[in-house]
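Containing CSV, C-alpha atoms: final21.csv.
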```
chain,number,residue,atom,x,y,z
B,1,MET,CA,152.9,56.8,113.3
B,2,VAL,CA,149.8,54.9,112.3
B,3,PHE,CA,149.9,51.2,111.3
B,4,VAL,CA,147.2,48.9,109.9
B,5,ARG,CA,147.1,45.1,109.8
B,6,SER,CA,148.2,43.8,106.4
B,7,GLU,CA,145.5,42.3,104.1
B,8,ASP,CA,148.0,39.5,103.4
B,9,VAL,CA,147.8,38.1,107.0
B,10,VAL,CA,144.9,36.3,108.7
B,11,ALA,CA,144.5,36.0,112.4
B,12,ARG,CA,143.0,32.8,113.9
B,13,GLU,CA,142.3,31.9,117.5
B,14,ILE,CA,143.3,28.4,118.2
B,15,GLU,CA,143.1,26.9,121.7
B,16,GLY,CA,143.1,30.4,123.3
B,17,GLU,CA,146.0,31.7,121.3
B,18,LEU,CA,145.9,34.3,118.5
B,19,ILE,CA,148.0,33.1,115.6
B,20,LEU,CA,148.9,35.3,112.6
B,21,ILE,CA,149.2,33.5,109.3
B,22,PRO,CA,150.7,35.1,106.2
B,23,ILE,CA,148.7,34.2,103.1
B,24,ALA,CA,150.8,35.9,100.4
B,25,ALA,CA,154.4,35.3,99.2
B,26,GLY,CA,156.9,37.6,100.7
B,27,VAL,CA,155.0,38.0,103.9
B,28,GLY,CA,156.8,36.6,107.0
B,29,ASP,CA,159.7,34.3,107.0
B,30,ILE,CA,159.3,30.8,105.5
B,31,GLU,CA,160.9,29.2,108.6
B,32,GLU,CA,158.9,31.3,111.0
B,33,SER,CA,155.7,32.0,109.0
B,34,LEU,CA,153.3,31.6,111.9
B,35,PHE,CA,153.4,34.3,114.7
B,36,THR,CA,151.7,33.7,118.0
B,37,LEU,CA,150.6,36.6,120.2
B,38,ASN,CA,150.2,36.6,124.0
B,39,GLU,CA,147.5,38.5,125.8
B,40,THR,CA,149.3,41.9,125.5
B,41,GLY,CA,150.2,41.2,121.8
B,42,ARG,CA,146.6,40.3,121.1
B,43,ALA,CA,145.4,43.6,122.6
B,44,ILE,CA,148.0,45.6,120.6
B,45,TRP,CA,147.0,43.7,117.4
B,46,GLY,CA,143.4,44.6,117.9
B,47,LEU,CA,144.3,48.3,118.2
B,48,LEU,CA,146.4,48.4,115.0
B,49,ASP,CA,143.4,49.5,112.9
B,50,GLY,CA,144.9,52.3,110.9
B,51,ARG,CA,143.2,55.0,113.0
B,52,ARG,CA,145.2,55.1,116.2
B,53,SER,CA,148.8,56.3,116.4
B,54,LEU,CA,151.3,54.3,118.3
B,55,GLY,CA,151.2,57.0,121.0
B,56,GLU,CA,147.4,56.5,121.4
B,57,ILE,CA,147.8,52.7,121.5
B,58,THR,CA,150.5,53.0,124.1
B,59,SER,CA,148.3,55.4,126.2
B,60,GLN,CA,145.3,53.1,126.0
B,61,MET,CA,147.3,50.0,126.9
B,62,THR,CA,149.1,51.8,129.8
B,63,ALA,CA,145.8,52.9,131.3
B,64,GLU,CA,144.2,49.4,130.8
B,65,TYR,CA,147.1,47.5,132.3
B,66,ASN,CA,147.9,50.1,135.0
B,67,ASP,CA,151.5,50.2,133.8
B,68,SER,CA,153.8,52.6,135.6
B,69,ASP,CA,157.3,51.5,134.6
B,70,GLY,CA,157.0,51.9,130.9
B,71,GLN,CA,156.9,48.2,130.0
B,72,ILE,CA,153.8,48.6,127.9
B,73,LYS,CA,155.5,51.2,125.7
B,74,GLU,CA,158.4,48.8,125.2
B,75,ASP,CA,156.0,46.0,124.4
B,76,VAL,CA,154.1,48.1,121.9
B,77,LEU,CA,157.2,49.4,120.1
B,78,GLY,CA,158.9,45.9,120.1
B,79,LEU,CA,155.8,44.1,118.7
B,80,VAL,CA,155.2,46.8,116.1
B,81,SER,CA,158.8,46.7,115.0
B,82,GLU,CA,158.7,42.9,114.7
B,83,LEU,CA,155.3,42.9,112.8
B,84,ALA,CA,156.5,45.6,110.4
B,85,ALA,CA,159.7,43.7,109.7
B,86,ARG,CA,157.6,40.7,108.8
B,87,SER,CA,155.2,42.8,106.6
B,88,MET,CA,152.3,41.8,108.9
B,89,ILE,CA,151.4,45.4,109.4
B,90,VAL,CA,151.9,48.4,107.1
B,91,ARG,CA,152.4,52.1,107.8
B,92,LYS,CA,149.4,54.1,106.8
```

Would you mind writing the structure in this file as structure tokens?
Amino acid sequence: MVFVRSEDVVAREIEGELILIPIAAGVGDIEESLFTLNETGRAIWGLLDGRRSLGEITSQMTAEYNDSDGQIKEDVLGLVSELAARSMIVRK
């Protein structure tokens, strides 16, 4: 599967954190409209460019972070699932 960042979301770095802000109605949850990404989430967000598959993103992240226990795969799938549920990314 390949995902791309939604055009209805802007990302802003504020005090070292990457914050995703929905700019259209129906994107995100009113009570939880802002979404903050940690270092791993920020790296995953940067790779969700509509060209890389989830497998490619996971492989690149696994190599970059020297992950041997599968935590990166879990992180990628968890974040992608959450972002897709909030319509912050869309399947291409």

Contacts of Val2 (chain B) at 9 Å (only C-alpha atoms; same-chain gap of 3+ positions) as a ChimeraX atom specification: /B:48-54,90-92

Restrict the selected residues to C-alpha atoms and save them as a compact mmCIF listing (two decimals), in the frame of the given file.
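File produced: again-v9.txt:
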```txt
# COMPACT_ATOMS: atom_id res chain seq x y z
CA LEU B 48 146.40 48.40 115.00
CA ASP B 49 143.40 49.50 112.90
CA GLY B 50 144.90 52.30 110.90
CA ARG B 51 143.20 55.00 113.00
CA ARG B 52 145.20 55.10 116.20
CA SER B 53 148.80 56.30 116.40
CA LEU B 54 151.30 54.30 118.30
CA VAL B 90 151.90 48.40 107.10
CA ARG B 91 152.40 52.10 107.80
CA LYS B 92 149.40 54.10 106.80
```

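The space separating CA of Asp8 (chain B) from CA of Ser59 (chain B) comes to 27.8 Å.
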
Considering all atoms listed in the file, state which residue in the set B:Arg42, B:Ser6, B:Asn66, B:Met1 is at the smallest distance from Ala85 (chain B).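 Among B:Arg42, B:Ser6, B:Asn66, B:Met1, it is B:Ser6 that comes nearest to Ala85 (chain B).
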
Using all atoms listed in the file, the shortest atom-to-atom distance to Gly55 (chain B) among B:Ala43, B:Leu18, B:Ile23, B:Val76 belongs to B:Val76

Work out how far CA of Gly78 (chain B) is from CA of Glu15 (chain B), in Å to one decimal.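 Separating CA of Glu15 (chain B) from CA of Gly78 (chain B) is a distance of 24.8 Å.
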
Atomic distance CA of Ile57 (chain B) - CA of Arg86 (chain B), expressed in Å with one decimal: 20.0 Å

Looking at only C-alpha atoms, which of B:Ala63, B:Glu82, B:Ile89, B:Thr58 is the one that sits closest to Val9 (chain B)?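 Under the stated criterion, the closest residue is B:Ile89.
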